[in-house]
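Remarks on the structure that follows.
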Amino acid sequence: MSHKGFSHIGLSTLDLDKTREFYEGVLGFKPVIADTIKIKEGGRIRHLFFDIGRDQLIAFMEPRGIPGIPVEFDAGINRGLGVPASFYHFAFEAGSEAALAEKRDELRAKGVEVTDIVDHGSAKSIYFKDPNGLSLEYCCFVRNLTKADAIMQERFTLRREALELSIETSGEISAARSR
């Protein structure tokens with residue numbers, strides 16, 4: 001069997017309507033499956049899949065009134081685990097540097113707080129969060145990867161706060177990379 005990428009990534013949300021508004025209205029992803037799952041012991045799950053390109057999907061589940069499932073929980077993953085925002089994140093392919101800059105400007109025009117473009121050497125990225133607090137990224141590779149890229153090595157140094165990938169620290173990452 002050959003690897004063909006993800007079928008889908010499944011995530012949770014406490015507000016599927018807000019999540020749909022963001023992923024469909026702001027990011028422009030097309031919803032492709034929407035269903036409600038009835039739980040025999042009580043409650044329901046609203047379930048929604050978005051096509052994010054290349055036959056890959058992202059799905060959200062919103063629990064409602066299910067025994068043993070908390071009414072409130074942190075759907076942002078990182079906060080709940082107490083780790084920096086960069087540890088668990090989802091990156092979407094931008095396609096090119098020009099498309100990445102366009103996406104940054106488009107998101108900012110829609111009121112989304114987005115970092116400046118961060119230069120990782122082999123790739124460039126922008127970072128932002130969805131309404132659930134999930135860390136998201138648009139990324140594009142700027143060169144072909146080599147065998148040397150797969151060898152573990154220290155490439156640059158950052159302060160711990162840069163791992164939160166805020167607008168304030170995105171410049172630090174690019175600056176550290178260029179040293």
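By order of appearance in the structure tokens: chains A, B, ..., then residues from 1 within every chain, and ligands from 1 in the order shown.
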
Practice task
Within 7 Å of Ile117 in chain A, counting only C-alpha atoms, which residues show up once you throw out same-chain ones fewer than 3 positions away? Write them as a ChimeraX atom specification, please.
Solution key: /A:124-126

Emit the selected residues as a CSV table (one decimal), in the first residue's frame, including all heavy atoms.
chain,number,residue,atom,x,y,z
A,124,LYS,N,7.9,28.7,4.3
A,124,LYS,CA,7.4,29.9,4.9
A,124,LYS,C,6.0,29.7,5.4
A,124,LYS,O,5.2,28.9,4.7
A,124,LYS,CB,7.5,31.1,3.9
A,124,LYS,CG,8.9,31.5,3.6
A,124,LYS,CD,9.0,32.7,2.7
A,124,LYS,CE,10.5,33.0,2.5
A,124,LYS,NZ,10.6,34.3,1.7
A,125,SER,N,5.6,30.3,6.5
A,125,SER,CA,4.3,30.1,7.1
A,125,SER,C,3.7,31.3,7.7
A,125,SER,O,4.4,32.3,8.0
A,125,SER,CB,4.5,29.1,8.2
A,125,SER,OG,5.0,27.9,7.8
A,126,ILE,N,2.4,31.3,7.9
A,126,ILE,CA,1.6,32.2,8.7
A,126,ILE,C,0.9,31.4,9.7
A,126,ILE,O,0.5,30.2,9.5
A,126,ILE,CB,0.7,33.1,7.9
A,126,ILE,CG1,-0.3,32.3,7.1
A,126,ILE,CG2,1.5,34.1,7.0
A,126,ILE,CD1,-1.4,33.1,6.4

Exercise for the section: DSSP on the backbone, then: every residue of range 33-116 of chain A marked strand (DSSP E or B), written as number ranges by chain. Expected result: A: 33-38, 44-53, 56-64, 89-93

Handout entry: DSSP-assigned helix (DSSP H, G or I) among chain A, expressed as an MDAnalysis selection string
Key = chainID A and resid 16:26 78:81 97:109 147:150 160:164 167:178

Range 51-98 of chain A residues near range 5-29 of chain A within 7 Å, closest pair each, using only C-alpha atoms, as CSV:
residue,atom,partner,partner_atom,distance
A:Asp51,CA,A:Phe29,CA,5.9
A:Ile52,CA,A:Phe29,CA,5.8
A:Gln56,CA,A:Ser7,CA,5.2
A:Leu57,CA,A:His8,CA,4.3
A:Ile58,CA,A:Ile9,CA,4.9
A:Ala59,CA,A:Gly10,CA,4.7
A:Phe60,CA,A:Leu11,CA,4.9
A:Met61,CA,A:Ser12,CA,4.8
A:Glu62,CA,A:Thr13,CA,5.1
A:Ala75,CA,A:Thr13,CA,5.6
